[in-house]
Amino acid sequence: MNQSEVPVVPMPTILIVDDSPSYLTALLDRLERHGFLIVLAQTAAEGLMRAEFAEPDLILLDVVMPDIDGFETCRRLKAGKRTKDVPVIFMTGLTDPKQKVTGFDAGGVDYITKPFQIEEVLARVNTHLALRRATRELQDMVATLDRAREDLVRNEKLAGLGALVAGIAHELNTPIGNSLMASTTFEMQTDDIHHHMTGEGGVTRKEFEKYIENARLSVDILSRNLHRAADIVTNFKQVAVDQTSSQRRSFLLEEVIAANLLTLQPTIKRTPFVIERRVPPDLMMDSYPGPLGQVVTNLINNAILHGYEGRCEGLIAVTAQLSAQGWVTLSVEDHGVGIPRADLQRIFDPFFTTKLGVGGSGLGLHIVHNIVTEILGGRIDVSSEVGGGTRITLTLPMSAPLR
Ligand SMILES: Nc1ncnc2c1ncn2[C@@H]1O[C@H](COP(=O)(O)OP(=O)(O)O)[C@@H](O)[C@H]1O
Ligand SMILES: [Mg+2]
């Protein structure tokens with residue numbers, strides 16, 4: 001390892017604020033010998049300034065000073081953006097317990113009584129530096145975890161988009177398969193009649209009429225199935241655009257719910273469950289259909305995954321109605337296992353899942369909650385009974401708040 005690679009461990013910086021030069025020099029001398037970088041200030045005003053620029057790791061602060069007293073100085077340090085987290089230890093000759101309380105109220109973390117023993121000063125300084133370091137490490141860890149949580153939320157959204165793509169592929173299978181079959185049959189019949197026409201006996205009128213009739217049938221099948229495919233693509237396109245752009249627009253609630261239920265078809269077809277949709281056909285909203293669709297999809301998936309796990313039948317009701325003037329209630333209800341009372345408070349927490357390692361991430365309802373409250377400007381309520389089922393109700397403004 002050459003010189004430049006030696007890791008640099010910064011010496012902790014301590015700011016000492018005291019109006020008595022004898023205390024200052026005594027502390028400076030002793031603390032420097034223990035490997036601290038010392039910054040001195042003889043007045044509170046000077047101390048406040050140095051605290052701002054020297055970024056100390058700890059401050060030793062005299063209480064009785066001629067300009068501003070130590071308690072007030074401490075309050076100002078705690079109000080400063082750059083200085084608020086620096087631990088402050090008061091140094092005082094006053095031993096009145098009331099004074100101590102005032103000091104802690106002002107934001108101090110400890111006291112050293114003058115005249116002091118240097119060992120005591122060192123012990124307290126080291127304790128609070130270690131505490132500060134530990135706090136910083138914890139803060140870093142929380143920030144890292146927060147980033148990890150954001151990554152997971154993004155992954156969950158990507159998984160939703162993946163399901164959408166799988167959905168469109170699945171849905172298009174049937175109409176495209178049918179079209180292919182019709183066109184192949186048509187081709188064979190055309191080859192056949194062409195063969196007859198150019199052959200010896202030619203084609204009888206009856207044979208030709210039969211060919212026309214078959215052609216009509218094939219074209220009819222083709223046309224119906226291609227229209228169906230086009231509808232599916234349009235539907236999915238809207239859901240995909242809504243989901244990826246999160247744009248606000250006016251829409252008929254029924255249409256958006258229907259399109260989202262369609263994208264869920266591949267999932268539902270594999271289950272014995274039935275979805276019942278009761279949405280007034282004329283209910284217009286001016287809101288965010290993509291996030292709203294994501295919410296409905298998540299709630300239905302939960303009903304299947306949690307509510308009806310292991311069951312061989314079950315009804316999931318998606319119901320909407322006008323509630324108060326300008327508000328819509330939208331609920332997703334199952335009659336499955338229900339949620340235990342103790343869990344009810346926690347289901348919206350990130351990572352709360354009863355299916356850890358078996359398909360649950362615990363992020364679904366967390367995302368749902370965020371979307372409902374932060375994007376759609378609404379409220380979400382849950383009522384559930386063990387053995388009786390679960391109903392999640394959204395109360396949404398027909399016109400979402402502008403962002
Ligand atoms: N319809 C439901 N029926 C029963 N339990 C549910 C239902 N919806 C949600 N839960 C409970 O709430 C928990 C959290 O749900 P969610 O945030 O979507 O996470 P995940 O689905 O990944 O477990 C689930 O693990 C489950 O215990
Ligand atoms: Mg879920």
# chains A, B, ... in the order shown; residues from 1 in each chain; ligands from 1
call {"tool": "residues_near_ligand", "arguments": {"ligand": "ligand 2", "cutoff": "8 Å", "atoms": "only C-alpha atoms and all ligand atoms", "output": "mmCIF file with C-alpha atoms, in the first residue's frame"}}
result
data_model
loop_
_atom_site.group_PDB
_atom_site.id
_atom_site.type_symbol
_atom_site.label_atom_id
_atom_site.label_comp_id
_atom_site.auth_asym_id
_atom_site.auth_seq_id
_atom_site.Cartn_x
_atom_site.Cartn_y
_atom_site.Cartn_z
ATOM 1 C CA ASN A 298 -54.175 -5.143 -7.016
ATOM 2 C CA LEU A 299 -57.324 -5.530 -4.920
ATOM 3 C CA ASN A 301 -55.364 -10.096 -7.121
ATOM 4 C CA ASN A 302 -55.415 -9.945 -3.336
ATOM 5 C CA LEU A 305 -54.355 -14.795 -3.666
ATOM 6 C CA THR A 353 -47.453 -9.795 4.108
ATOM 7 C CA GLY A 360 -46.211 -11.897 -1.339
ATOM 8 C CA SER A 361 -44.078 -8.790 -1.256
ATOM 9 C CA GLY A 362 -46.245 -6.802 1.126
ATOM 10 C CA LEU A 363 -46.030 -3.823 -1.195
ATOM 11 C CA GLY A 364 -49.343 -4.149 -3.012
ATOM 12 C CA LEU A 365 -51.572 -2.390 -0.507
#
call {"tool": "residues_near_ligand", "arguments": {"ligand": "ligand 1", "cutoff": "10 Å", "atoms": "only C-alpha atoms and all ligand atoms", "output": "VMD selection string"}}
result
chain A and resid 156 298 to 309 316 332 to 340 343 to 369 382 384 to 392
call {"tool": "closest_residue", "arguments": {"among": "A:Val296, A:Ile221, A:Leu48, A:Ala317", "to": "Leu264 of chain A", "atoms": "only C-alpha atoms"}}
result
A:Val296
call {"tool": "select_by_dssp", "arguments": {"residues": "segment 4-239 of chain A", "states": "alpha helix (DSSP H)", "output": "number ranges by chain"}}
result
A: 21-33, 44-54, 70-79, 97-105, 118-198, 205-239
call {"tool": "residues_around", "arguments": {"residues": "Thr234 of chain A", "least_positions_apart": "3", "cutoff": "12 Å", "atoms": "only C-alpha atoms", "output": "PyMOL selection string"}}
result
chain A and resi 168+172+227-231+237-241+259+262-263
call {"tool": "residues_around", "arguments": {"residues": "Ile257 of chain A", "least_positions_apart": "4", "cutoff": "9 Å", "atoms": "only C-alpha atoms", "output": "PyMOL selection string"}}
result
chain A and resi 252-253+261-262+277+279+289+292-293+296+318
call {"tool": "residues_around", "arguments": {"residues": "Ser246 of chain A", "least_positions_apart": "3", "cutoff": "7 Å", "atoms": "only C-alpha atoms", "output": "PyMOL selection string"}}
result
chain A and resi 242-243+288+290-291
call {"tool": "atom_distance", "arguments": {"atom1": "atom CA of Thr95 of chain A", "atom2": "atom CA of Leu24 of chain A"}}
result
20.6 Å
